[in-house]
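For reference, final23.txt (compact mmCIF, C-alpha atoms):
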# COMPACT_ATOMS: atom_id res chain seq x y z
CA MET A 1 17.83 -10.93 2.94
CA ASN A 2 17.17 -8.93 -0.21
CA ASP A 3 15.25 -5.84 0.93
CA ALA A 4 13.86 -4.99 -2.53
CA PRO A 5 10.04 -5.16 -2.38
CA LYS A 6 8.42 -8.16 -4.04
CA PHE A 7 4.88 -7.60 -5.33
CA LEU A 8 1.81 -9.78 -5.85
CA ASN A 9 2.33 -12.40 -8.56
CA PRO A 10 -1.03 -13.46 -10.06
CA ASP A 11 0.58 -16.61 -11.45
CA VAL A 12 1.76 -17.90 -8.05
CA GLU A 13 -0.49 -19.65 -5.54
CA ILE A 14 -1.83 -17.52 -2.69
CA SER A 15 -2.13 -19.09 0.76
CA LYS A 16 -5.22 -18.10 2.74
CA HIS A 17 -5.89 -18.31 6.46
CA GLY A 18 -8.09 -16.67 9.05
CA LEU A 19 -11.87 -16.56 9.18
CA LYS A 20 -12.93 -13.22 10.68
CA LEU A 21 -10.30 -11.28 8.72
CA PRO A 22 -8.99 -13.50 5.89
CA HIS A 23 -5.27 -13.01 5.21
CA TRP A 24 -3.79 -13.73 1.79
CA GLN A 25 -0.06 -14.36 1.49
CA GLN A 26 2.63 -15.28 -1.01
CA ASP A 27 6.08 -16.34 0.10
CA GLY A 28 8.46 -13.39 0.39
CA SER A 29 5.88 -10.77 -0.57
CA THR A 30 5.46 -7.18 0.65
CA TYR A 31 2.55 -6.03 2.83
CA PHE A 32 0.93 -2.95 4.28
CA LEU A 33 0.02 -3.89 7.87
CA THR A 34 -2.09 -2.25 10.54
CA PHE A 35 -2.23 -3.60 14.07
CA ARG A 36 -3.86 -1.73 16.93
CA LEU A 37 -4.43 -1.56 20.66
CA GLY A 38 -7.40 -3.51 21.97
CA ASP A 39 -9.30 -0.42 23.13
CA SER A 40 -8.63 1.76 20.07
CA ILE A 41 -12.07 1.38 18.44
CA PRO A 42 -15.39 1.52 20.36
CA HIS A 43 -17.23 -1.82 20.33
CA THR A 44 -20.46 -0.30 18.98
CA LYS A 45 -18.70 1.11 15.91
CA LEU A 46 -16.80 -2.11 15.32
CA ALA A 47 -19.92 -4.28 15.60
CA LYS A 48 -21.73 -2.22 12.96
CA TRP A 49 -18.62 -2.30 10.73
CA LYS A 50 -18.41 -6.09 11.00
CA GLU A 51 -22.11 -6.49 10.13
CA GLU A 52 -21.89 -4.27 7.04
CA ARG A 53 -18.62 -5.90 5.98
CA ALA A 54 -20.11 -9.42 6.26
CA ILE A 55 -23.00 -8.42 3.99
CA TRP A 56 -20.62 -6.89 1.43
CA LEU A 57 -18.38 -9.99 1.44
CA ARG A 58 -21.33 -12.28 0.76
CA VAL A 59 -22.14 -10.23 -2.34
CA HIS A 60 -18.48 -9.90 -3.38
CA PRO A 61 -16.65 -13.19 -2.67
CA ARG A 62 -12.92 -13.35 -3.38
CA PRO A 63 -10.96 -13.26 -5.60
CA TRP A 64 -11.75 -9.61 -6.22
CA SER A 65 -11.23 -7.49 -9.26
CA GLU A 66 -9.09 -4.39 -8.80
CA THR A 67 -12.29 -2.31 -8.73
CA GLU A 68 -13.82 -4.49 -6.00
CA GLU A 69 -10.64 -4.34 -3.93
CA LYS A 70 -10.61 -0.54 -4.13
CA GLU A 71 -14.27 -0.40 -3.11
CA TYR A 72 -13.61 -2.71 -0.16
CA HIS A 73 -10.79 -0.55 1.16
CA ARG A 74 -12.73 2.66 0.50
CA ARG A 75 -15.72 1.42 2.47
CA PHE A 76 -14.09 -0.66 5.22
CA SER A 77 -10.35 -0.10 5.55
CA ASN A 78 -10.73 3.67 5.35
CA ALA A 79 -13.34 3.61 8.13
CA ILE A 80 -10.91 1.81 10.42
CA GLU A 81 -8.15 4.30 9.60
CA THR A 82 -10.44 7.24 10.38
CA TRP A 83 -11.46 5.79 13.74
CA LEU A 84 -7.86 5.02 14.67
CA ASP A 85 -6.73 8.54 13.81
CA ALA A 86 -9.45 9.92 16.09
CA GLY A 87 -7.21 8.85 18.97
CA GLU A 88 -9.71 6.89 21.05
CA GLY A 89 -8.80 4.51 23.87
CA SER A 90 -5.83 4.58 26.25
CA CYS A 91 -3.36 5.56 23.48
CA VAL A 92 -0.56 3.87 25.41
CA LEU A 93 1.78 4.09 22.40
CA GLY A 94 1.73 7.88 22.64
CA ASP A 95 4.12 7.48 25.57
CA ALA A 96 7.68 7.72 24.20
CA ARG A 97 8.74 4.75 26.36
CA ALA A 98 6.10 2.51 24.81
CA ALA A 99 6.82 3.71 21.26
CA SER A 100 10.51 3.01 21.81
CA GLU A 101 9.78 -0.58 22.85
CA VAL A 102 7.69 -1.15 19.71
CA ARG A 103 10.46 0.37 17.54
CA GLU A 104 13.11 -1.93 19.05
CA VAL A 105 10.95 -5.03 18.58
CA LEU A 106 10.13 -4.22 14.95
CA LEU A 107 13.76 -3.57 14.08
CA ALA A 108 15.19 -6.52 16.03
CA LYS A 109 15.39 -8.86 13.02
CA ASP A 110 15.14 -6.22 10.29
CA GLY A 111 17.29 -7.25 7.34
CA GLU A 112 17.30 -10.89 8.50
CA ARG A 113 13.77 -12.26 8.70
CA TYR A 114 12.05 -9.26 7.11
CA ALA A 115 12.76 -5.80 5.72
CA HIS A 116 10.84 -2.82 7.07
CA HIS A 117 10.59 -0.20 4.33
CA ALA A 118 8.66 2.12 6.64
CA PHE A 119 6.57 2.05 9.78
CA VAL A 120 4.92 4.54 12.09
CA VAL A 121 4.02 4.01 15.74
CA MET A 122 0.88 6.06 16.39
CA PRO A 123 -0.73 6.50 19.85
CA ASN A 124 -3.14 3.58 19.40
CA HIS A 125 -1.93 1.69 16.33
CA VAL A 126 1.00 0.82 14.08
CA HIS A 127 1.29 0.90 10.28
CA SER A 128 4.09 -1.02 8.59
CA LEU A 129 5.26 -1.53 5.01
CA VAL A 130 7.31 -4.71 5.19
CA SER A 131 8.73 -7.45 2.97
CA LEU A 132 9.03 -10.93 4.45
CA GLY A 133 11.96 -13.26 4.05
CA PRO A 134 11.53 -16.72 2.48
CA GLY A 135 9.39 -19.00 4.60
CA GLU A 136 8.26 -16.25 6.98
CA SER A 137 4.58 -15.69 7.76
CA LEU A 138 2.72 -12.62 8.95
CA GLU A 139 0.85 -14.43 11.71
CA LYS A 140 4.06 -15.73 13.32
CA LEU A 141 5.85 -12.39 13.10
CA LEU A 142 2.84 -10.47 14.44
CA LYS A 143 2.61 -12.91 17.35
CA ILE A 144 6.26 -12.22 18.21
CA TRP A 145 6.03 -8.44 17.74
CA LYS A 146 2.87 -8.16 19.84
CA GLY A 147 3.95 -10.61 22.54
CA VAL A 148 7.41 -9.17 23.14
CA SER A 149 6.34 -5.52 22.87
CA SER A 150 3.36 -6.09 25.19
CA ARG A 151 5.59 -7.54 27.89
CA LYS A 152 8.18 -4.79 27.54
CA ILE A 153 5.58 -1.98 27.51
CA ASN A 154 3.83 -3.36 30.58
CA GLU A 155 7.17 -3.46 32.39
CA ALA A 156 8.17 0.04 31.27
CA LEU A 157 4.83 1.62 32.21
CA SER A 158 4.15 -0.52 35.32
CA ARG A 159 0.90 -1.80 33.84
CA SER A 160 -0.61 -5.23 33.30
CA GLY A 161 -3.16 -6.98 31.11
CA GLU A 162 -3.77 -7.38 27.40
CA LEU A 163 -2.49 -4.62 25.16
CA TRP A 164 -3.03 -5.47 21.47
CA GLN A 165 -6.14 -6.39 19.51
CA ALA A 166 -5.81 -10.08 18.59
CA ASN A 167 -6.25 -9.65 14.83
CA TYR A 168 -4.62 -7.37 12.29
CA PHE A 169 -5.29 -5.86 8.85
CA ASP A 170 -3.02 -6.55 5.90
CA ARG A 171 -2.87 -5.79 2.18
CA MET A 172 -0.51 -7.55 -0.18
CA ILE A 173 1.25 -4.90 -2.27
CA ARG A 174 0.17 -5.18 -5.92
CA ASP A 175 2.80 -3.09 -7.70
CA SER A 176 5.22 -0.17 -7.44
CA GLU A 177 2.46 2.45 -7.44
CA HIS A 178 0.68 0.69 -4.58
CA PHE A 179 3.99 0.47 -2.67
CA TRP A 180 4.70 4.21 -2.89
CA ASN A 181 1.11 5.13 -2.04
CA CYS A 182 1.47 3.12 1.18
CA ALA A 183 4.88 4.63 1.95
CA ARG A 184 3.44 8.13 1.55
CA TYR A 185 0.45 7.22 3.70
CA ILE A 186 2.73 6.10 6.53
CA ARG A 187 4.79 9.30 6.31
CA ARG A 188 1.71 11.53 6.28
CA ASN A 189 -0.35 9.68 8.91
CA PRO A 190 0.94 11.71 11.90
CA SER A 191 0.20 15.07 10.25
CA LYS A 192 -3.18 13.75 9.07
CA ALA A 193 -3.99 12.90 12.69
CA ARG A 194 -2.53 16.28 13.79
CA LEU A 195 -0.02 14.74 16.16
CA PRO A 196 2.88 16.66 17.71
CA ASN A 197 6.34 15.16 17.15
CA HIS A 198 6.57 13.57 20.60
CA ARG A 199 3.37 11.52 20.10
CA TYR A 200 4.59 9.23 17.29
CA PHE A 201 7.68 7.51 15.90
CA LEU A 202 8.37 7.28 12.15
CA HIS A 203 10.91 4.91 10.65
CA GLU A 204 11.86 4.87 6.96
CA SER A 205 14.60 2.89 5.25
CA SER A 206 17.23 5.04 3.60
CA ALA A 207 15.92 4.06 0.14
CA VAL A 208 12.33 5.00 0.99
CA LYS A 209 13.32 8.24 2.70
CA GLN A 210 15.47 9.38 -0.21
CA ALA A 211 12.80 8.50 -2.77
CA LEU A 212 9.97 10.21 -0.87
CA ASP A 213 12.08 13.30 -0.21
CA PHE A 214 12.89 13.49 -3.92
CA LYS A 215 9.24 13.02 -4.94
CA GLU A 216 8.24 15.82 -2.57
CA THR A 217 10.85 18.22 -3.97
CA LEU A 218 9.42 17.68 -7.45
CA LYS A 219 6.06 19.00 -6.21
CA GLU A 220 7.54 22.19 -4.75
Show the structure stored in the file as structure tokens.
Amino acid sequence: MNDAPKFLNPDVEISKHGLKLPHWQQDGSTYFLTFRLGDSIPHTKLAKWKEERAIWLRVHPRPWSETEEKEYHRRFSNAIETWLDAGEGSCVLGDARAASEVREVLLAKDGERYAHHAFVVMPNHVHSLVSLGPGESLEKLLKIWKGVSSRKINEALSRSGELWQANYFDRMIRDSEHFWNCARYIRRNPSKARLPNHRYFLHESSAVKQALDFKETLKE
């Protein structure tokens, strides 16, 4: 498949699914994804977050303006990111064996069904910047990634039971600036969370790595 990122097209129909966390998709588009372990956020914090988010959504129904979308992510997405980076829960993915299983699953069909521009496996969550191939859907791919990786991790670590949180967070990439902001976020997430090298795995496509390296040299 063509691995060049495809951004949100306001003139093309957006498919919507999901009730608790609505997901908006366009065929072949590019997304910033976050999926996490089931025990990565304390239930008390999450319950309060859901209550405040429900109130905000009633006041601000979709479609959102760019200002409303930024406010949503500032108030709600950023809270989730902060809690995840706090490193709560079992942090199973901090084990190199578990991180390796996630890496292999995510790259299994890379370049065929999807194109991973970048992803990072953190101790209790995963961020991915990915473009989907024609006809592919996030919910089907996430089901595969979670199902296969869960089985393999349980085998590798001699554990059992549910691993991943059922839902996931996604943002359709609006434009080039949004794309590079997400790529930089993924690269910087381990240092932001103050993780040593052995506690995470970072993957970047050659195009993303070269571009980010170049952008960083310009700031030196």
>> Could you check the closest approach to A:Glu112 for each of A:Glu68, A:Glu81, A:Asp3, A:Glu204 and tell me which residue wins, using all atoms listed in the file?
In response: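 Smallest separation from A:Glu112 among the options: A:Asp3.
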Could you make a table, as a Markdown table, of the residues of stretch 87-167 of chain A that have an atom within 7 Å of an atom of stretch 36-41 of chain A, each with its nearest atom pair and distance in Å to one decimal, counting all atoms listed in the file, in chain and number order?
| residue | atom | partner | partner_atom | distance |
| --- | --- | --- | --- | --- |
| A:Glu88 | CA | A:Ser40 | CA | 5.3 |
| A:Gly89 | CA | A:Ser40 | CA | 4.7 |
| A:Ser90 | CA | A:Asp39 | CA | 6.8 |
| A:Asn124 | CA | A:Leu37 | CA | 5.4 |
| A:His125 | CA | A:Arg36 | CA | 4.0 |
| A:Val126 | CA | A:Arg36 | CA | 6.2 |
| A:Leu163 | CA | A:Leu37 | CA | 5.8 |
| A:Trp164 | CA | A:Leu37 | CA | 4.2 |
| A:Gln165 | CA | A:Gly38 | CA | 4.0 |
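The coordinates place atom CA of A:Ile80 at 14.3 Å from atom CA of A:Lys192.
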> Suppose you want the space between atom CA of A:Ser176 and atom CA of A:Asp27; what is it in Å?
Replying inline: 17.9 Å
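Here the selection is built from all atoms listed in the file, and the residues within 6 Å of (2.8, -4.1, 28.7) turn out to be Ser150, Arg151, Lys152, Ile153, Asn154, Glu155, Arg159 and Ser160 of chain A.
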Using all atoms listed in the file, which residues of stretch 165-213 of chain A come within 12 Å of stretch 132-140 of chain A, and what is the closest atom pair for each, with the distance in Å to one decimal? Give it as CSV, sorted by chain and residue number.
residue,atom,partner,partner_atom,distance
A:Ala166,CA,A:Glu139,CA,10.5
A:Asn167,CA,A:Glu139,CA,9.1
A:Tyr168,CA,A:Glu139,CA,8.9
A:Phe169,CA,A:Leu138,CA,10.5
A:Asp170,CA,A:Leu138,CA,8.9
A:Arg171,CA,A:Leu138,CA,11.1
A:Met172,CA,A:Leu138,CA,10.9
A:Ile173,CA,A:Leu132,CA,11.9
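If all atoms listed in the file are the atoms counted, then among A:Ala4, A:Ile144, A:Val102, A:Ala156 the closest residue to A:His203 is A:Val102.
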> Could you name the residues that touch A:Arg187 at 12 Å or less, counting all atoms listed in the file, but leaving out those on the same chain fewer than 4 positions away, as a list in words?
Replying inline: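 The contact residues come out as His117, Ala118, Phe119, Val120, Val121, Met122, His127, Ser128, Leu129, Trp180, Asn181, Cys182, Ala183, Ser191, Lys192, Ala193, Tyr200, Phe201, Leu202, His203, Glu204, Ser205, Val208, Lys209, Leu212, Asp213 and Glu216 of chain A.
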>> With distances taken over all atoms listed in the file, which residue among A:Pro123, A:Ala96, A:Phe35, A:Leu57 lies nearest A:Lys146?
In response: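 Counting all atoms listed in the file, the residue closest to A:Lys146 is A:Phe35.
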> What does the distance between atom CA of A:Val148 and atom CA of A:Arg113 come to in Å, to one decimal place?
Replying inline: 16.1 Å
>> Nearest residue to A:Pro5 out of A:Lys215, A:Arg184, A:His116, A:Arg75, using all atoms listed in the file?
In response: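 Using all atoms listed in the file, A:Pro5 sits closest to A:His116.
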> Quick one: of A:Tyr72, A:Tyr31, A:Phe179, A:Tyr185, who's nearest to A:Trp56, counting only C-alpha atoms?
Replying inline: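 Among the listed residues, the smallest separation from A:Trp56 belongs to A:Tyr72.
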>> I need the residue nearest A:Arg188 from this list: A:Asp95, A:Asp85, A:Glu52, A:Glu66. Use all atoms listed in the file for the distance.
In response: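 Smallest separation from A:Arg188 among the options: A:Asp85.
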> Excluding same-chain residues fewer than 6 positions from A:Glu51, what lies within 12 Å of it counting only C-alpha atoms, as a PyMOL selection string?
Replying inline: chain A and resi 20+44-45+57-58+76
Reconstructed N, CA and C atoms for stretch 35-61 of chain A, given as a PDB file, in the frame of the given file:
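Wrote it out as result36.pdb, contents follow:
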ATOM      1  N   PHE A  35      -1.809  -2.908  12.856  1.00  0.00           N
ATOM      2  CA  PHE A  35      -2.230  -3.600  14.070  1.00  0.00           C
ATOM      3  C   PHE A  35      -2.417  -2.555  15.168  1.00  0.00           C
ATOM      4  N   ARG A  36      -3.384  -2.788  16.045  1.00  0.00           N
ATOM      5  CA  ARG A  36      -3.860  -1.730  16.930  1.00  0.00           C
ATOM      6  C   ARG A  36      -4.025  -2.206  18.359  1.00  0.00           C
ATOM      7  N   LEU A  37      -4.153  -1.242  19.267  1.00  0.00           N
ATOM      8  CA  LEU A  37      -4.430  -1.560  20.660  1.00  0.00           C
ATOM      9  C   LEU A  37      -5.866  -2.068  20.801  1.00  0.00           C
ATOM     10  N   GLY A  38      -6.096  -2.882  21.806  1.00  0.00           N
ATOM     11  CA  GLY A  38      -7.400  -3.510  21.970  1.00  0.00           C
ATOM     12  C   GLY A  38      -8.535  -2.555  22.239  1.00  0.00           C
ATOM     13  N   ASP A  39      -8.230  -1.368  22.793  1.00  0.00           N
ATOM     14  CA  ASP A  39      -9.300  -0.420  23.130  1.00  0.00           C
ATOM     15  C   ASP A  39      -9.353   0.764  22.169  1.00  0.00           C
ATOM     16  N   SER A  40      -8.772   0.613  20.989  1.00  0.00           N
ATOM     17  CA  SER A  40      -8.630   1.760  20.070  1.00  0.00           C
ATOM     18  C   SER A  40      -9.884   2.084  19.266  1.00  0.00           C
ATOM     19  N   ILE A  41     -10.829   1.142  19.180  1.00  0.00           N
ATOM     20  CA  ILE A  41     -12.070   1.380  18.440  1.00  0.00           C
ATOM     21  C   ILE A  41     -13.251   0.979  19.324  1.00  0.00           C
ATOM     22  N   PRO A  42     -14.215   1.857  19.533  1.00  0.00           N
ATOM     23  CA  PRO A  42     -15.390   1.520  20.360  1.00  0.00           C
ATOM     24  C   PRO A  42     -16.114   0.285  19.819  1.00  0.00           C
ATOM     25  N   HIS A  43     -16.588  -0.565  20.724  1.00  0.00           N
ATOM     26  CA  HIS A  43     -17.230  -1.820  20.330  1.00  0.00           C
ATOM     27  C   HIS A  43     -18.471  -1.604  19.474  1.00  0.00           C
ATOM     28  N   THR A  44     -19.234  -0.538  19.761  1.00  0.00           N
ATOM     29  CA  THR A  44     -20.460  -0.300  18.980  1.00  0.00           C
ATOM     30  C   THR A  44     -20.134  -0.010  17.524  1.00  0.00           C
ATOM     31  N   LYS A  45     -19.101   0.809  17.289  1.00  0.00           N
ATOM     32  CA  LYS A  45     -18.700   1.110  15.910  1.00  0.00           C
ATOM     33  C   LYS A  45     -18.192  -0.144  15.215  1.00  0.00           C
ATOM     34  N   LEU A  46     -17.390  -0.919  15.926  1.00  0.00           N
ATOM     35  CA  LEU A  46     -16.800  -2.110  15.320  1.00  0.00           C
ATOM     36  C   LEU A  46     -17.851  -3.155  14.994  1.00  0.00           C
ATOM     37  N   ALA A  47     -18.852  -3.301  15.847  1.00  0.00           N
ATOM     38  CA  ALA A  47     -19.920  -4.280  15.600  1.00  0.00           C
ATOM     39  C   ALA A  47     -20.695  -3.927  14.340  1.00  0.00           C
ATOM     40  N   LYS A  48     -21.009  -2.649  14.160  1.00  0.00           N
ATOM     41  CA  LYS A  48     -21.730  -2.220  12.960  1.00  0.00           C
ATOM     42  C   LYS A  48     -20.863  -2.409  11.720  1.00  0.00           C
ATOM     43  N   TRP A  49     -19.567  -2.107  11.835  1.00  0.00           N
ATOM     44  CA  TRP A  49     -18.620  -2.300  10.730  1.00  0.00           C
ATOM     45  C   TRP A  49     -18.568  -3.764  10.323  1.00  0.00           C
ATOM     46  N   LYS A  50     -18.492  -4.667  11.290  1.00  0.00           N
ATOM     47  CA  LYS A  50     -18.410  -6.090  11.000  1.00  0.00           C
ATOM     48  C   LYS A  50     -19.678  -6.590  10.301  1.00  0.00           C
ATOM     49  N   GLU A  51     -20.837  -6.079  10.743  1.00  0.00           N
ATOM     50  CA  GLU A  51     -22.110  -6.490  10.130  1.00  0.00           C
ATOM     51  C   GLU A  51     -22.186  -6.040   8.676  1.00  0.00           C
ATOM     52  N   GLU A  52     -21.837  -4.785   8.409  1.00  0.00           N
ATOM     53  CA  GLU A  52     -21.890  -4.270   7.040  1.00  0.00           C
ATOM     54  C   GLU A  52     -20.849  -4.963   6.158  1.00  0.00           C
ATOM     55  N   ARG A  53     -19.681  -5.225   6.733  1.00  0.00           N
ATOM     56  CA  ARG A  53     -18.620  -5.900   5.980  1.00  0.00           C
ATOM     57  C   ARG A  53     -19.033  -7.321   5.612  1.00  0.00           C
ATOM     58  N   ALA A  54     -19.677  -8.044   6.525  1.00  0.00           N
ATOM     59  CA  ALA A  54     -20.110  -9.420   6.260  1.00  0.00           C
ATOM     60  C   ALA A  54     -21.100  -9.458   5.112  1.00  0.00           C
ATOM     61  N   ILE A  55     -22.020  -8.493   5.083  1.00  0.00           N
ATOM     62  CA  ILE A  55     -23.000  -8.420   3.990  1.00  0.00           C
ATOM     63  C   ILE A  55     -22.292  -8.170   2.667  1.00  0.00           C
ATOM     64  N   TRP A  56     -21.332  -7.233   2.661  1.00  0.00           N
ATOM     65  CA  TRP A  56     -20.620  -6.890   1.430  1.00  0.00           C
ATOM     66  C   TRP A  56     -19.822  -8.103   0.930  1.00  0.00           C
ATOM     67  N   LEU A  57     -19.189  -8.842   1.833  1.00  0.00           N
ATOM     68  CA  LEU A  57     -18.380  -9.990   1.440  1.00  0.00           C
ATOM     69  C   LEU A  57     -19.223 -11.108   0.848  1.00  0.00           C
ATOM     70  N   ARG A  58     -20.448 -11.258   1.334  1.00  0.00           N
ATOM     71  CA  ARG A  58     -21.330 -12.280   0.760  1.00  0.00           C
ATOM     72  C   ARG A  58     -21.680 -11.952  -0.690  1.00  0.00           C
ATOM     73  N   VAL A  59     -21.805 -10.679  -0.978  1.00  0.00           N
ATOM     74  CA  VAL A  59     -22.140 -10.230  -2.340  1.00  0.00           C
ATOM     75  C   VAL A  59     -20.903 -10.211  -3.229  1.00  0.00           C
ATOM     76  N   HIS A  60     -19.734 -10.022  -2.620  1.00  0.00           N
ATOM     77  CA  HIS A  60     -18.480  -9.900  -3.380  1.00  0.00           C
ATOM     78  C   HIS A  60     -17.447 -10.912  -2.862  1.00  0.00           C
ATOM     79  N   PRO A  61     -17.627 -12.200  -3.130  1.00  0.00           N
ATOM     80  CA  PRO A  61     -16.650 -13.190  -2.670  1.00  0.00           C
ATOM     81  C   PRO A  61     -15.314 -13.033  -3.407  1.00  0.00           C
TER      82      PRO A  61
END
